[in-house]
Amino acid sequence: HDDSEYNPDHIILQLDDESSQEVRNRYEDMLNSSLWKNMTAVKKKQVHMMGGKEWFSLGMSPLADLYAINDVVHAFEK
């Protein structure tokens, strides 16, 4: 399966635990990869960071889903 066929205009990025060094290291590796830097969304600065731990701490309940939806909608309104 060729990942290069995915080249979105927008990326919604969510780190499940931004306090974890391992998660931060994987995130940094991704940001430094040529695949990432060549994506349309990255070039257009249309990468939207969304809530991580606060979404998970609500257990992906309806309230968490509501927060997630609101965050996404607000990102696209900017």
# chains A, B, ... in the order shown; residues from 1 in each chain; ligands from 1

$ residues_around --residues "range 37-40 of chain A" --least-positions-apart "2" --cutoff "12 Å" --atoms "only C-alpha atoms" --output "list in words"
Asp3, Ser4, Glu5, Tyr6, Asn7, Pro8, Asp9, His10, Ile11, Glu28, Asp29, Met30, Leu31, Asn32, Ser33, Ser34, Leu35, Val42, Lys43, Lys44, Lys45, Gln46 and Val47 of chain A

$ select_by_dssp --residues "chain A" --states "strand (DSSP E or B)" --output "PyMOL selection string"
chain A and resi 11-14+47-50

$ write_last_selection --atoms "N, CA and C atoms" --output "PDB file, in the first residue's frame"
ATOM      1  N   ILE A  11      -5.048  18.634   7.734  1.00  0.00           N
ATOM      2  CA  ILE A  11      -4.730  17.511   8.619  1.00  0.00           C
ATOM      3  C   ILE A  11      -5.160  17.900  10.022  1.00  0.00           C
ATOM      4  N   ILE A  12      -5.883  17.007  10.678  1.00  0.00           N
ATOM      5  CA  ILE A  12      -6.241  17.194  12.083  1.00  0.00           C
ATOM      6  C   ILE A  12      -5.371  16.230  12.872  1.00  0.00           C
ATOM      7  N   LEU A  13      -4.530  16.808  13.712  1.00  0.00           N
ATOM      8  CA  LEU A  13      -3.525  16.023  14.420  1.00  0.00           C
ATOM      9  C   LEU A  13      -3.835  16.021  15.901  1.00  0.00           C
ATOM     10  N   GLN A  14      -3.813  14.839  16.476  1.00  0.00           N
ATOM     11  CA  GLN A  14      -4.111  14.709  17.903  1.00  0.00           C
ATOM     12  C   GLN A  14      -3.094  13.789  18.534  1.00  0.00           C
ATOM     13  N   VAL A  47      -2.482  22.452   9.190  1.00  0.00           N
ATOM     14  CA  VAL A  47      -2.431  21.332  10.127  1.00  0.00           C
ATOM     15  C   VAL A  47      -3.019  21.842  11.431  1.00  0.00           C
ATOM     16  N   HIS A  48      -4.060  21.197  11.912  1.00  0.00           N
ATOM     17  CA  HIS A  48      -4.788  21.657  13.093  1.00  0.00           C
ATOM     18  C   HIS A  48      -4.513  20.723  14.262  1.00  0.00           C
ATOM     19  N   MET A  49      -3.882  21.253  15.313  1.00  0.00           N
ATOM     20  CA  MET A  49      -3.634  20.465  16.520  1.00  0.00           C
ATOM     21  C   MET A  49      -4.903  20.465  17.363  1.00  0.00           C
ATOM     22  N   MET A  50      -5.325  19.288  17.765  1.00  0.00           N
ATOM     23  CA  MET A  50      -6.551  19.162  18.544  1.00  0.00           C
ATOM     24  C   MET A  50      -6.233  18.618  19.932  1.00  0.00           C
TER      25      MET A  50
END

$ select_by_dssp --residues "chain A" --states "alpha helix (DSSP H)" --output "PDB file with N, CA and C atoms, in the first residue's frame"
ATOM      1  N   GLN A  21       7.363  11.481  26.610  1.00  0.00           N
ATOM      2  CA  GLN A  21       8.563  11.733  25.791  1.00  0.00           C
ATOM      3  C   GLN A  21       8.542  10.897  24.517  1.00  0.00           C
ATOM      4  N   GLU A  22       8.055   9.658  24.621  1.00  0.00           N
ATOM      5  CA  GLU A  22       8.003   8.785  23.442  1.00  0.00           C
ATOM      6  C   GLU A  22       7.072   9.366  22.378  1.00  0.00           C
ATOM      7  N   VAL A  23       5.912   9.851  22.808  1.00  0.00           N
ATOM      8  CA  VAL A  23       4.958  10.460  21.869  1.00  0.00           C
ATOM      9  C   VAL A  23       5.581  11.701  21.231  1.00  0.00           C
ATOM     10  N   ARG A  24       6.238  12.531  22.037  1.00  0.00           N
ATOM     11  CA  ARG A  24       6.874  13.742  21.504  1.00  0.00           C
ATOM     12  C   ARG A  24       7.982  13.395  20.509  1.00  0.00           C
ATOM     13  N   ASN A  25       8.756  12.339  20.795  1.00  0.00           N
ATOM     14  CA  ASN A  25       9.826  11.924  19.882  1.00  0.00           C
ATOM     15  C   ASN A  25       9.257  11.459  18.541  1.00  0.00           C
ATOM     16  N   ARG A  26       8.182  10.672  18.589  1.00  0.00           N
ATOM     17  CA  ARG A  26       7.549  10.207  17.339  1.00  0.00           C
ATOM     18  C   ARG A  26       6.996  11.392  16.554  1.00  0.00           C
ATOM     19  N   TYR A  27       6.424  12.355  17.262  1.00  0.00           N
ATOM     20  CA  TYR A  27       5.869  13.563  16.633  1.00  0.00           C
ATOM     21  C   TYR A  27       6.983  14.352  15.939  1.00  0.00           C
ATOM     22  N   GLU A  28       8.115  14.537  16.641  1.00  0.00           N
ATOM     23  CA  GLU A  28       9.255  15.264  16.052  1.00  0.00           C
ATOM     24  C   GLU A  28       9.780  14.536  14.810  1.00  0.00           C
ATOM     25  N   ASP A  29       9.888  13.203  14.889  1.00  0.00           N
ATOM     26  CA  ASP A  29      10.346  12.421  13.737  1.00  0.00           C
ATOM     27  C   ASP A  29       9.424  12.626  12.544  1.00  0.00           C
ATOM     28  N   MET A  30       8.122  12.635  12.811  1.00  0.00           N
ATOM     29  CA  MET A  30       7.155  12.830  11.736  1.00  0.00           C
ATOM     30  C   MET A  30       7.312  14.215  11.115  1.00  0.00           C
ATOM     31  N   LEU A  31       7.447  15.247  11.959  1.00  0.00           N
ATOM     32  CA  LEU A  31       7.576  16.617  11.454  1.00  0.00           C
ATOM     33  C   LEU A  31       8.827  16.798  10.611  1.00  0.00           C
ATOM     34  N   ASN A  32       9.860  16.021  10.894  1.00  0.00           N
ATOM     35  CA  ASN A  32      11.116  16.159  10.165  1.00  0.00           C
ATOM     36  C   ASN A  32      11.196  15.281   8.924  1.00  0.00           C
ATOM     37  N   SER A  34      10.514  13.862   5.156  1.00  0.00           N
ATOM     38  CA  SER A  34      10.272  14.517   3.866  1.00  0.00           C
ATOM     39  C   SER A  34       8.833  14.288   3.405  1.00  0.00           C
ATOM     40  N   LEU A  35       8.267  13.119   3.735  1.00  0.00           N
ATOM     41  CA  LEU A  35       6.867  12.851   3.367  1.00  0.00           C
ATOM     42  C   LEU A  35       5.947  13.900   3.987  1.00  0.00           C
ATOM     43  N   TRP A  36       6.174  14.180   5.278  1.00  0.00           N
ATOM     44  CA  TRP A  36       5.361  15.172   5.987  1.00  0.00           C
ATOM     45  C   TRP A  36       5.537  16.560   5.372  1.00  0.00           C
ATOM     46  N   LYS A  37       6.784  16.969   5.171  1.00  0.00           N
ATOM     47  CA  LYS A  37       7.071  18.328   4.682  1.00  0.00           C
ATOM     48  C   LYS A  37       6.525  18.573   3.285  1.00  0.00           C
ATOM     49  N   THR A  40       0.482  18.687   1.063  1.00  0.00           N
ATOM     50  CA  THR A  40      -0.211  19.936   0.754  1.00  0.00           C
ATOM     51  C   THR A  40      -0.647  20.671   2.020  1.00  0.00           C
ATOM     52  N   ALA A  41      -1.231  19.948   2.965  1.00  0.00           N
ATOM     53  CA  ALA A  41      -1.727  20.584   4.190  1.00  0.00           C
ATOM     54  C   ALA A  41      -0.593  21.243   4.964  1.00  0.00           C
ATOM     55  N   VAL A  42       0.563  20.611   4.980  1.00  0.00           N
ATOM     56  CA  VAL A  42       1.711  21.163   5.707  1.00  0.00           C
ATOM     57  C   VAL A  42       2.224  22.417   4.992  1.00  0.00           C
ATOM     58  N   LYS A  43       2.335  22.344   3.677  1.00  0.00           N
ATOM     59  CA  LYS A  43       2.812  23.504   2.897  1.00  0.00           C
ATOM     60  C   LYS A  43       1.868  24.696   3.044  1.00  0.00           C
ATOM     61  N   LYS A  53      -5.155  14.706  25.598  1.00  0.00           N
ATOM     62  CA  LYS A  53      -5.497  14.018  26.838  1.00  0.00           C
ATOM     63  C   LYS A  53      -6.908  14.373  27.318  1.00  0.00           C
ATOM     64  N   GLU A  54      -7.326  15.634  27.148  1.00  0.00           N
ATOM     65  CA  GLU A  54      -8.662  16.004  27.653  1.00  0.00           C
ATOM     66  C   GLU A  54      -9.770  15.255  26.910  1.00  0.00           C
ATOM     67  N   TRP A  55      -9.549  14.934  25.629  1.00  0.00           N
ATOM     68  CA  TRP A  55     -10.548  14.140  24.914  1.00  0.00           C
ATOM     69  C   TRP A  55     -10.596  12.731  25.482  1.00  0.00           C
ATOM     70  N   PHE A  56      -9.414  12.147  25.713  1.00  0.00           N
ATOM     71  CA  PHE A  56      -9.353  10.769  26.206  1.00  0.00           C
ATOM     72  C   PHE A  56      -9.816  10.661  27.646  1.00  0.00           C
ATOM     73  N   SER A  57      -9.534  11.678  28.460  1.00  0.00           N
ATOM     74  CA  SER A  57      -9.892  11.594  29.877  1.00  0.00           C
ATOM     75  C   SER A  57     -11.408  11.600  30.066  1.00  0.00           C
ATOM     76  N   PRO A  62     -20.132  11.083  24.869  1.00  0.00           N
ATOM     77  CA  PRO A  62     -20.780  12.099  24.028  1.00  0.00           C
ATOM     78  C   PRO A  62     -20.235  13.502  24.287  1.00  0.00           C
ATOM     79  N   LEU A  63     -19.898  13.807  25.543  1.00  0.00           N
ATOM     80  CA  LEU A  63     -19.335  15.121  25.845  1.00  0.00           C
ATOM     81  C   LEU A  63     -17.972  15.291  25.179  1.00  0.00           C
ATOM     82  N   ALA A  64     -17.153  14.251  25.223  1.00  0.00           N
ATOM     83  CA  ALA A  64     -15.843  14.301  24.565  1.00  0.00           C
ATOM     84  C   ALA A  64     -16.026  14.476  23.058  1.00  0.00           C
ATOM     85  N   ASP A  65     -16.999  13.746  22.489  1.00  0.00           N
ATOM     86  CA  ASP A  65     -17.275  13.884  21.058  1.00  0.00           C
ATOM     87  C   ASP A  65     -17.690  15.314  20.734  1.00  0.00           C
ATOM     88  N   LEU A  66     -18.478  15.918  21.588  1.00  0.00           N
ATOM     89  CA  LEU A  66     -18.920  17.291  21.377  1.00  0.00           C
ATOM     90  C   LEU A  66     -17.721  18.242  21.391  1.00  0.00           C
ATOM     91  N   TYR A  67     -16.821  18.068  22.366  1.00  0.00           N
ATOM     92  CA  TYR A  67     -15.607  18.898  22.400  1.00  0.00           C
ATOM     93  C   TYR A  67     -14.793  18.705  21.118  1.00  0.00           C
ATOM     94  N   ALA A  68     -14.653  17.455  20.697  1.00  0.00           N
ATOM     95  CA  ALA A  68     -13.872  17.164  19.499  1.00  0.00           C
ATOM     96  C   ALA A  68     -14.491  17.843  18.277  1.00  0.00           C
ATOM     97  N   ILE A  69     -15.797  17.705  18.125  1.00  0.00           N
ATOM     98  CA  ILE A  69     -16.489  18.315  16.982  1.00  0.00           C
ATOM     99  C   ILE A  69     -16.338  19.833  17.015  1.00  0.00           C
ATOM    100  N   ASN A  70     -16.520  20.435  18.186  1.00  0.00           N
ATOM    101  CA  ASN A  70     -16.385  21.891  18.302  1.00  0.00           C
ATOM    102  C   ASN A  70     -14.977  22.349  17.950  1.00  0.00           C
ATOM    103  N   ASP A  71     -13.958  21.628  18.419  1.00  0.00           N
ATOM    104  CA  ASP A  71     -12.575  21.990  18.110  1.00  0.00           C
ATOM    105  C   ASP A  71     -12.326  21.950  16.606  1.00  0.00           C
ATOM    106  N   VAL A  72     -12.829  20.908  15.961  1.00  0.00           N
ATOM    107  CA  VAL A  72     -12.628  20.755  14.511  1.00  0.00           C
ATOM    108  C   VAL A  72     -13.350  21.883  13.764  1.00  0.00           C
ATOM    109  N   VAL A  73     -14.597  22.140  14.130  1.00  0.00           N
ATOM    110  CA  VAL A  73     -15.368  23.204  13.471  1.00  0.00           C
ATOM    111  C   VAL A  73     -14.667  24.548  13.631  1.00  0.00           C
ATOM    112  N   HIS A  74     -14.196  24.865  14.847  1.00  0.00           N
ATOM    113  CA  HIS A  74     -13.509  26.143  15.064  1.00  0.00           C
ATOM    114  C   HIS A  74     -12.222  26.245  14.255  1.00  0.00           C
ATOM    115  N   ALA A  75     -11.515  25.136  14.086  1.00  0.00           N
ATOM    116  CA  ALA A  75     -10.281  25.160  13.302  1.00  0.00           C
ATOM    117  C   ALA A  75     -10.567  25.554  11.851  1.00  0.00           C
ATOM    118  N   PHE A  76     -11.669  25.073  11.314  1.00  0.00           N
ATOM    119  CA  PHE A  76     -12.005  25.359   9.927  1.00  0.00           C
ATOM    120  C   PHE A  76     -12.646  26.729   9.737  1.00  0.00           C
ATOM    121  N   GLU A  77     -13.107  27.344  10.820  1.00  0.00           N
ATOM    122  CA  GLU A  77     -13.707  28.676  10.725  1.00  0.00           C
ATOM    123  C   GLU A  77     -12.644  29.778  10.631  1.00  0.00           C
TER     124      GLU A  77
END
